[in-house]
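Q: Here it is: the structure, laid out below.
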Amino acid sequence: MPTLLELQRAVYRGLVAGEDGPCAAHVVADGIAGQARLSVYRNTFIGNLTTALRLAYPAIHRLVGGPFFESAARLFIEAQPPQSAWLDEYGAGFPDSSPALH
Amino acid sequence: MNLVAKLEKHAKSEGARALTTGEAYALARDQGYRPARAPEIRTGRKVEGVTDPANRGWTLDVAYRDRCRREDEGPIPAKAGIGLRFPHHAAMLDRRPNIGWLEVHTENYMGGGGPLGYLEAIRAHYPISLHGVGLSLGSAEGLDAAHLERIQQTALRIEPAPVSEHLSWSVVGGRYLADLLPLPMTEEALEIVCRHVDQTQAYLRRRILVENPSSYLRWRHSMIPEWEFLATVANRTGCGILCDVNNIYVSAANHGWDPSAYLAALPPAAIGEIHLAGHSTRALGDGRVLRIDDHSSHVIPAVWTLYAEALARFGPVPTLIEWDTDIPALDVLLDEASHAALLLGNARQGVRDADAA
């Protein structure tokens, strides 16, 4: 049985690095695979932070278009998840994270 | 011990948020001070250690009451409210619709600037509840002190009625995972959550409400039913419960629980607020469906039914309509709230009938 901290570190690796095997092993499958259940959380994690970046950089979003913005955002989020739940200053390095964004 | 420290100690014993002398309050009024809520005047109070006869006749600023179940009691009425989101800031001020109260996400107003300016203007007309999504009560590594301080600063500006958070976690290794993640229902997690609720309540010097989450998975090593876990947190820490009826419906459907049994396991006296929202369904192959709590639509009929059941158990409780994805026109939210108001009215009538019997 993992400690809470071990479990939370495993979830982190699953959501941020996509290594969801170790984490899924702790999930009750119950008709739906652990990975599929975890993907709901991963989608929300990426989706919420993509929205935060879109609000912070509306001009870049218009300039490069939705699909490109979203894939650039995903790469940035995976490389630099926020350090706090206060997202106002999240994404300061985003424009520099991809040559196509600046 | 100086006068301020003595007053501070006395405020605690009166259950008041703050207090001052009658003279100082009258002076402040003369100089234009207008509190968001009228203070309660209590005269002739003896403050331990203060003997100056000129300081008799204390004026106490309003005491924060930890629960407000009736319209005439406390700052959040047992009425329907709506979640206030940025697109409706201007319309709320222009139109001032008739709605009992508003709730905002604490994190959206921590930065000051335009949003906080709007909220302070709106605050003059409506009671406000601060609903946090980022404190991460279930983090094994402890609370983020800087985040707790930001909540405190926002609360000092807004003077909210309830302050609420979630039974979940979002932070590990100093990184915020931007979702309300499910906790394993273990003794270890229970102790950690209780410790963090205690710390939060001590820091904010107020009781908080903790909301039941919606979830899409259960951990294999969970030993305690979620409803029992939540009731125990309320019992051990004295916190209130924010009962999200849609979340109960969503989690019960996803995990095969009985939503009525969930409601029945919660202590009615602890219920300080109810949430309602819409959710969606996602097909995951071989006919299995997960219900997803995305706050993107109308409350479904089955959740209204469960809400009526909750009101029958808990009595009239302040009830909030949440809508966060594809946010509709303000009137759509107000319509949804008016349906909740109708059911609240029925519940109030039910209480009167029972009292009369």
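A note on labels: chains of the structure tokens are A, B, ... as shown, every chain counts residues from 1, and ligands are counted from 1 in their shown order.
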What residues in chain A lie within 9 Å of chain B, counting only C-alpha atoms, written as a PyMOL selection string?
A: chain A and resi 1-5+7-9+12+15-16+25-32+34+36-38+40-42+44-49+80-88
Q: Quick one: pick out all strand (DSSP E) residues within range 49-190 of chain B from a backbone DSSP run and write them as a PyMOL selection string.
A: chain B and resi 58-60+80-83+101-105+128-131+163-166+169-172+175-181
Q: Kindly give the distance, in Å, that separates CA of Gln199 in chain B and CA of His10 in chain B, rounded to a single decimal.
A: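 Distance reported for this atom pair: 21.9 Å.
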Q: Residues near range 61-70 of chain A, anyone? I mean within 9 Å using only C-alpha atoms, not counting same-chain ones fewer than 4 positions away, as a VMD selection string.
A: chain A and resid 47 50 53 to 55 57 74 to 75 100 to 101
Q: Based on the selection just made, write N, CA and C atoms of those residues as an mmCIF file, in the first residue's frame.
A:
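Result file follows (result-v1.cif):
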```cif
data_model
loop_
_atom_site.group_PDB
_atom_site.id
_atom_site.type_symbol
_atom_site.label_atom_id
_atom_site.label_comp_id
_atom_site.auth_asym_id
_atom_site.auth_seq_id
_atom_site.Cartn_x
_atom_site.Cartn_y
_atom_site.Cartn_z
ATOM 1 N N GLY A 47 -6.168 20.963 -19.856
ATOM 2 C CA GLY A 47 -7.197 21.891 -20.345
ATOM 3 C C GLY A 47 -7.272 23.164 -19.514
ATOM 4 N N THR A 50 -4.162 25.233 -20.177
ATOM 5 C CA THR A 50 -4.191 25.796 -21.533
ATOM 6 C C THR A 50 -5.099 27.028 -21.542
ATOM 7 N N LEU A 53 -3.275 29.928 -20.075
ATOM 8 C CA LEU A 53 -2.305 30.505 -21.017
ATOM 9 C C LEU A 53 -3.027 31.298 -22.113
ATOM 10 N N ARG A 54 -4.182 30.783 -22.551
ATOM 11 C CA ARG A 54 -4.935 31.468 -23.596
ATOM 12 C C ARG A 54 -5.402 32.843 -23.096
ATOM 13 N N LEU A 55 -5.829 32.888 -21.828
ATOM 14 C CA LEU A 55 -6.266 34.173 -21.250
ATOM 15 C C LEU A 55 -5.086 35.134 -21.085
ATOM 16 N N TYR A 57 -2.326 35.093 -22.985
ATOM 17 C CA TYR A 57 -1.720 35.424 -24.280
ATOM 18 C C TYR A 57 -2.734 35.375 -25.418
ATOM 19 N N ARG A 74 0.568 22.580 -24.455
ATOM 20 C CA ARG A 74 0.740 21.264 -23.827
ATOM 21 C C ARG A 74 2.218 20.997 -23.527
ATOM 22 N N LEU A 75 3.070 21.304 -24.507
ATOM 23 C CA LEU A 75 4.507 21.089 -24.300
ATOM 24 C C LEU A 75 5.017 21.946 -23.140
ATOM 25 N N ALA A 100 8.275 29.295 -32.711
ATOM 26 C CA ALA A 100 7.173 29.757 -33.547
ATOM 27 C C ALA A 100 6.275 30.768 -32.832
ATOM 28 N N LEU A 101 6.472 30.916 -31.499
ATOM 29 C CA LEU A 101 5.587 31.802 -30.744
ATOM 30 C C LEU A 101 6.113 33.226 -30.633
#
```
Q: How many Å separate CA of Arg123 in chain B from CA of Leu333 in chain B?
A: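 Calculated distance between CA of Arg123 in chain B and CA of Leu333 in chain B is 18.7 Å.
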Q: Could you check the closest approach to Ala73 in chain A for each of A:Val11, A:Ala59, A:Glu6, A:Ala52 and tell me which residue wins, using only C-alpha atoms?
A: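 Closest to Ala73 in chain A of all the choices is A:Ala52.
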Q: When you draw a straight line from CA of Ala234 in chain B to CA of Ala202 in chain B, how long is it in Å?
A: 14.9 Å
